[in-house]
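Notes follow the structure.
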Amino acid sequence: MRIVIENGRLFDPANKLDAKQDLFIADGKIVSVKKKPDGFESDIQINAKDKIVLPGLVDLCARLREPGFKHKGTFLTESLAASSSGITSICCPPDTNPVIDTPAVVEFIYQRSREAGRANIYPLGALTHGLNGEQLAEMYILKQAGCIGVSNALSPIDNAEILRRAFEYAHSCDLTVFLYAEDNALKNNGTAHEGAISTRLGLPAIPESAETVAISRAILLAEQTGVRLHFCRISSARGVSLIEAAQKQGLPVTADVGICNLHLTDMDIADYNSDCHLQPPLRSERDRAGLIAGLNDGTISAVCSDHQPHDVDAKATPFSLTEPGASTIEHLLPLMLHLVNRKELKLEKAISLLTSQPANILAIDKGTLKEGKAADICILDTETSISVDKAKLLSKGKNSPFKGWELQGAVTHTLLNGKIVFDRNDR
Amino acid sequence: MTGNIIQLDNNGNLKHFLSTEGLSQSLLLSILDHAESFASVGERHVKKVPLLRGKTIANLFFEPSTRTRTTFELAAKRLSADILNLNISTSATSKGETLSDTLHTLEAMHCDMFVVRHANSGAAHYIATQVAPHISVINAGDGSHAHPTQAMLDMFTIRRHKQDFTKLKVAIVGDILHSRVARSEIHALNTLGVLETRIVAPHTLIPAGVEDLGVHVYHDMDAGLEDVDVVMMLRLQKERMRGALLPSEQEYFQRYGLTSERLAKAKPDAIVMHPGPINRGVEIDSSVADGEHSVILQQVSHGIAVRMAVMAMTMGRHSDDIGESK
């Protein structure tokens, strides 16, 4: 299959590419981003006039809910939702049921994702067996089976000795640890950021220190063990400062942030809106501003959807009893563009944070429009706006905190390995 | 911000009573005025008015309570309503029924009002968003968020003793962190225009950012009580206490227990209040609880009148109607 994408603005910050050029695809690969290769005859022509042609997005964290939670989402529904936002590579945390701690589960995930065929899936293995925080997982076997890193998902590791040994062992397996840093004791079953809002609403509070204490501990252990450490879903401004200091010290430490924490604050909980019950919690405006600053100064090098689709019942109960998480995957790109439109980020930065930079964290050969690379591409129409409407959501999870928002920018086409996996005209 | 939109109907009348926050001063005063006219009903030979005859009220208690439930029950009976008492914690939810299913079952039984107590903040608010339009919801305490009828009976008691709110300094003493009563009192006091609201507690029992609610924070009891007109003691909720919050009840009593000596810091005519049940010797000395400044028992009887007022108002009935229906 040969495809030409014509008349578009090719935009790939990693290659300093921003030009009106055609892009040629053959046999699943990008064969040229300049002139037509000799003898190239296209089977399909996509007219990208007035549109931006981007590398397919790399989402560092999305839960597709299989195995274990098919009532919340499946590979089929969630990868379709992902491709509607131009996402072609998805990293999945290990908190499935069963947990990703055996090769069989890894194999199951690869098989289901091949069947769905809409995105490259990169599973993270469990850092400890069953995510129990006690016994190291078989990291080497998991790596052999295809896990791209190891993670504690959202489960805390209370015991510092076990965290230290897990770091050491991951280091010796040459695996990056994807750590969600939250101190369980300080979190104390909280459900909202500690501050005037949680006080007014009487919600059990999660102090900032639940994050900063856990980050500090992990940085000190990373320094001691030499492990490559990636902090998942930073939520506080002070957390960003701690990571910045570690990076300045030369430690191999990176970080990402979920898209919700860049747009919303604890104020958005308003009258107990359970769609805003997230983990990590929405924090203050000061924290939100600190996260944006962390993106601009490079401390945080990726933005992810942190997609957590839920069934209706999971959110249909008083706030603290609801399950945390938001359904976000299909608005990741428009929400990033919203930050560009609000002049909080430059377009170049915004796209890097969704493409080449998360690919670097995962050490995968994705997120660019280089010749010879897999043709994972998305075409963006910045003139079209989409309204976030519960009835129109493709994800099985209708728990979007952005319902009612009008967002500028819609993906018209998504290509995976040179195959069109999403075409808005078909929908 | 919270509550006021959902609590009022399109004409600005009380539809649900979920929180004292966000309601206008005139509405709070109107609740007190209605309660005033209902207060006499309890002193009559026949303690009933037919305002809510034919209405069915369900007491939905997801958390055990004797006192609050009983006063709601009495209030409903004095308004001639039929009342159902449901202890949900021991029935439906333990069989795995969801909250929505429980509500819809009760709606099918043609209930007109739900009086809700729940261990989670926002529960009454959530229920108010789920029920059919003709149903009113009254919050009888949700988590650490609100207990608006308790706050209003406290305001009623204060007004009976002090008349003008705008000249008052009020101290609320105790476990502010977990207290729904304190939050509702703070909103009501500030809306009614008191001169100053103070909260007095150790740092561990003060929630973050509480100053934003419009209070001054004191860690020293003697300073906090200096010159106040009203002392509102809170129950030290032992069931919610964890080891890290307080070293011992004895130490708490030494620092924050209300004794006659401490009370002497307040104005000579200060009143002492407590939502009950009292932990004698933990937050308050018996001599104060039973002393001349104490209005604790009055609070209990005022509770019935205030709950009658709120029930009648949310059902669109007013105490003025008593005369016609006699």
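Just so we're on the same page: first chain in the structure tokens is A, next is B, and so on; residues restart at 1 for each chain, and ligands are numbered from 1 in the order they show up.
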Produce a table with one row for each residue of chain B that has an atom at most 10 Å from any atom of chain A, each row naming the nearest atom pair and its distance in Å at one decimal; use only C-alpha atoms; arrange rows by chain and rising residue number; format as a Markdown table.
| residue | atom | partner | partner_atom | distance |
| --- | --- | --- | --- | --- |
| B:Met1 | CA | A:Ala270 | CA | 7.6 |
| B:Thr2 | CA | A:Asp271 | CA | 5.4 |
| B:Gly3 | CA | A:Asp271 | CA | 7.1 |
| B:Ile5 | CA | A:Asp271 | CA | 9.9 |
| B:Ile6 | CA | A:Asp271 | CA | 9.6 |
| B:Glu21 | CA | A:Arg200 | CA | 9.4 |
| B:Thr98 | CA | A:Thr317 | CA | 8.3 |
| B:Leu99 | CA | A:Thr317 | CA | 6.8 |
| B:Ser100 | CA | A:Ala316 | CA | 7.7 |
| B:His118 | CA | A:Pro318 | CA | 9.3 |
| B:Ala119 | CA | A:Pro318 | CA | 9.7 |
| B:Asn120 | CA | A:Pro318 | CA | 6.5 |
| B:Ser121 | CA | A:Gly202 | CA | 5.8 |
| B:Gly122 | CA | A:Pro318 | CA | 5.8 |
| B:Ala123 | CA | A:Pro318 | CA | 4.8 |
| B:Ala124 | CA | A:Pro318 | CA | 8.3 |
| B:His125 | CA | A:Asp271 | CA | 7.8 |
| B:Tyr126 | CA | A:Pro318 | CA | 5.9 |
| B:Ile127 | CA | A:Pro318 | CA | 8.3 |
| B:Gln130 | CA | A:Ala316 | CA | 9.4 |
| B:Asp142 | CA | A:Gly202 | CA | 8.7 |
| B:Gly143 | CA | A:Gly202 | CA | 6.8 |
| B:Ser144 | CA | A:Gly202 | CA | 4.5 |
| B:His145 | CA | A:Gly202 | CA | 4.0 |
| B:Ala146 | CA | A:Gly202 | CA | 7.7 |
| B:Ile176 | CA | A:Thr199 | CA | 9.7 |
| B:Leu177 | CA | A:Thr199 | CA | 7.9 |
| B:His178 | CA | A:Gly202 | CA | 7.6 |
| B:Ser179 | CA | A:Gly202 | CA | 8.3 |
| B:Arg180 | CA | A:Gly202 | CA | 7.3 |
| B:Arg183 | CA | A:Arg200 | CA | 7.3 |
| B:Ser184 | CA | A:Arg200 | CA | 9.7 |
| B:His187 | CA | A:Arg200 | CA | 9.8 |
| B:Ile206 | CA | A:Thr199 | CA | 9.3 |
| B:Pro207 | CA | A:Thr199 | CA | 5.9 |
| B:Ala208 | CA | A:Gly195 | CA | 5.0 |
| B:Gly209 | CA | A:Ala196 | CA | 4.3 |
| B:Val210 | CA | A:Ala196 | CA | 6.0 |
| B:Glu211 | CA | A:Ala196 | CA | 8.0 |
| B:Asp212 | CA | A:Ala196 | CA | 6.3 |
| B:Leu213 | CA | A:Arg200 | CA | 7.3 |
Might you pull out every residue within 8 Å of Leu179 (chain A), with only C-alpha atoms counted and same-chain residues fewer than 3 positions away left off, and present them as a short mmCIF file (atom, residue, chain, number, x, y, z; two decimals) with C-alpha atoms, in the first residue's frame?
data_model
loop_
_atom_site.label_atom_id
_atom_site.label_comp_id
_atom_site.auth_asym_id
_atom_site.auth_seq_id
_atom_site.Cartn_x
_atom_site.Cartn_y
_atom_site.Cartn_z
CA SER A 151 6.09 0.18 37.55
CA ASN A 152 4.20 0.22 40.83
CA ALA A 153 1.11 1.55 38.95
CA LEU A 229 13.78 6.61 37.33
CA HIS A 230 10.71 8.06 35.68
CA PHE A 231 8.19 9.83 37.89
CA CYS A 232 4.62 9.28 36.72
#
Please provide the set of residues having any atom within 10 Å of Asp101 (chain A), restricted to only C-alpha atoms, with same-chain residues fewer than 6 positions apart removed, written as a PyMOL selection string.
-> chain A and resi 94-95+124-131+136-139+141-142+147+150
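For the pair CA of Gly298 (chain A) and CA of Ile90 (chain A), the interatomic distance is 21.9 Å.
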Output as a ChimeraX atom specification all residues of region 48-146 of chain A that backbone DSSP marks as alpha helix (DSSP H).
-> /A:75-83,103-116,139-145
Quick one: residues within 10 Å of region 244-256 of chain A, only C-alpha atoms counted, chain neighbours fewer than 2 positions away excluded, as an NGL selection string?
-> :A and (60-61 or 176-180 or 216 or 219-220 or 222-223 or 226-235 or 238-242 or 258-259 or 291 or 294-295 or 297-304 or 353 or 357-358 or 361)
Check the DSSP output for the backbone and give back, as an MDAnalysis selection string, the residues of region 204-248 of chain B in strand (DSSP E).
-> chainID B and resid 216:218 230:233
Please dump the current selection as a PDB file, in the first residue's frame; keep N, CA and C atoms.
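Writing done, so here's selection-v7.pdb:
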ATOM      1  N   HIS B 216     -11.009  33.102  62.771  1.00  0.00           N
ATOM      2  CA  HIS B 216      -9.683  33.293  63.349  1.00  0.00           C
ATOM      3  C   HIS B 216      -9.315  32.038  64.125  1.00  0.00           C
ATOM      4  N   VAL B 217      -8.066  31.600  63.942  1.00  0.00           N
ATOM      5  CA  VAL B 217      -7.632  30.334  64.546  1.00  0.00           C
ATOM      6  C   VAL B 217      -6.856  30.615  65.834  1.00  0.00           C
ATOM      7  N   TYR B 218      -7.224  29.915  66.907  1.00  0.00           N
ATOM      8  CA  TYR B 218      -6.505  30.001  68.179  1.00  0.00           C
ATOM      9  C   TYR B 218      -6.063  28.604  68.607  1.00  0.00           C
ATOM     10  N   VAL B 230     -20.349  33.638  73.150  1.00  0.00           N
ATOM     11  CA  VAL B 230     -20.868  32.282  72.980  1.00  0.00           C
ATOM     12  C   VAL B 230     -19.692  31.315  72.884  1.00  0.00           C
ATOM     13  N   VAL B 231     -19.764  30.226  73.665  1.00  0.00           N
ATOM     14  CA  VAL B 231     -18.760  29.163  73.566  1.00  0.00           C
ATOM     15  C   VAL B 231     -19.467  27.919  73.041  1.00  0.00           C
ATOM     16  N   MET B 232     -19.055  27.484  71.854  1.00  0.00           N
ATOM     17  CA  MET B 232     -19.666  26.285  71.273  1.00  0.00           C
ATOM     18  C   MET B 232     -18.647  25.161  71.367  1.00  0.00           C
ATOM     19  N   MET B 233     -18.909  24.217  72.232  1.00  0.00           N
ATOM     20  CA  MET B 233     -18.002  23.089  72.391  1.00  0.00           C
ATOM     21  C   MET B 233     -18.380  21.996  71.386  1.00  0.00           C
TER      22      MET B 233
END
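From CA of Met152 (chain B) back to CA of Thr56 (chain B), the distance works out to 23.4 Å.
Between CA of Lys403 (chain A) and CA of Leu332 (chain A) the separation is 13.7 Å.
Counting only C-alpha atoms, Ala58 (chain B) has the following residues at most 9 Å away, ignoring those fewer than 6 positions along the same chain: B:Asp82, B:Ile83, B:Leu84, B:Asn85, B:Leu86, B:Leu106, B:Cys111, B:Asp112, B:Met113, B:Phe114, B:Val115, B:Val116.
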Deliver the residues from the most recent selection as a file, using N, CA and C atoms, as a short mmCIF file (atom, residue, chain, number, x, y, z; two decimals), in the first residue's frame.
data_model
loop_
_atom_site.label_atom_id
_atom_site.label_comp_id
_atom_site.auth_asym_id
_atom_site.auth_seq_id
_atom_site.Cartn_x
_atom_site.Cartn_y
_atom_site.Cartn_z
N ASP B 82 -46.35 11.05 57.89
CA ASP B 82 -46.01 9.66 58.17
C ASP B 82 -44.50 9.52 58.04
N ILE B 83 -43.91 8.75 58.93
CA ILE B 83 -42.44 8.64 58.88
C ILE B 83 -41.97 7.19 58.85
N LEU B 84 -41.02 6.97 57.96
CA LEU B 84 -40.39 5.65 57.83
C LEU B 84 -38.97 5.77 58.35
N ASN B 85 -38.56 4.89 59.23
CA ASN B 85 -37.17 4.90 59.68
C ASN B 85 -36.39 3.78 59.03
N LEU B 86 -35.36 4.14 58.28
CA LEU B 86 -34.57 3.09 57.64
C LEU B 86 -33.12 3.20 58.06
N LEU B 106 -37.35 3.60 47.21
CA LEU B 106 -38.11 4.44 48.13
C LEU B 106 -39.01 5.42 47.37
N CYS B 111 -42.47 8.32 48.62
CA CYS B 111 -41.99 9.20 49.69
C CYS B 111 -41.90 10.62 49.15
N ASP B 112 -42.09 11.59 50.05
CA ASP B 112 -42.03 13.00 49.64
C ASP B 112 -40.75 13.67 50.10
N MET B 113 -40.12 13.08 51.09
CA MET B 113 -38.92 13.72 51.64
C MET B 113 -37.97 12.66 52.17
N PHE B 114 -36.68 12.91 51.91
CA PHE B 114 -35.64 12.05 52.49
C PHE B 114 -34.84 12.87 53.49
N VAL B 115 -34.74 12.36 54.70
CA VAL B 115 -33.82 12.95 55.67
C VAL B 115 -32.61 12.02 55.70
N VAL B 116 -31.46 12.56 55.33
CA VAL B 116 -30.32 11.69 55.05
C VAL B 116 -29.16 11.91 56.00
#
Mind checking which residues fall within 12 Å of Arg160 (chain B), counting only C-alpha atoms, ignoring those fewer than 4 positions away in the same chain, and posting them as a PDB file with C-alpha atoms, in the first residue's frame?
ATOM      1  CA  LEU B  32     -35.418  30.902  62.645  1.00  0.00           C
ATOM      2  CA  ASP B  33     -38.723  32.828  62.480  1.00  0.00           C
ATOM      3  CA  ALA B  35     -38.969  27.720  64.106  1.00  0.00           C
ATOM      4  CA  GLU B  36     -40.039  30.366  66.606  1.00  0.00           C
ATOM      5  CA  ALA B  39     -41.605  26.194  69.217  1.00  0.00           C
ATOM      6  CA  LEU B 153     -30.865  25.045  66.094  1.00  0.00           C
ATOM      7  CA  ASP B 154     -27.678  26.484  67.543  1.00  0.00           C
ATOM      8  CA  MET B 155     -28.420  29.821  65.840  1.00  0.00           C
ATOM      9  CA  PHE B 156     -31.971  29.631  67.205  1.00  0.00           C
ATOM     10  CA  ASP B 164     -28.484  40.712  67.875  1.00  0.00           C
ATOM     11  CA  PHE B 165     -25.965  38.539  66.002  1.00  0.00           C
ATOM     12  CA  ILE B 271     -23.591  30.980  77.035  1.00  0.00           C
ATOM     13  CA  VAL B 295     -27.948  26.030  77.372  1.00  0.00           C
ATOM     14  CA  GLN B 298     -32.468  23.951  75.400  1.00  0.00           C
ATOM     15  CA  GLN B 299     -30.592  23.147  72.231  1.00  0.00           C
ATOM     16  CA  HIS B 302     -35.059  23.761  69.918  1.00  0.00           C
TER      17      HIS B 302
END
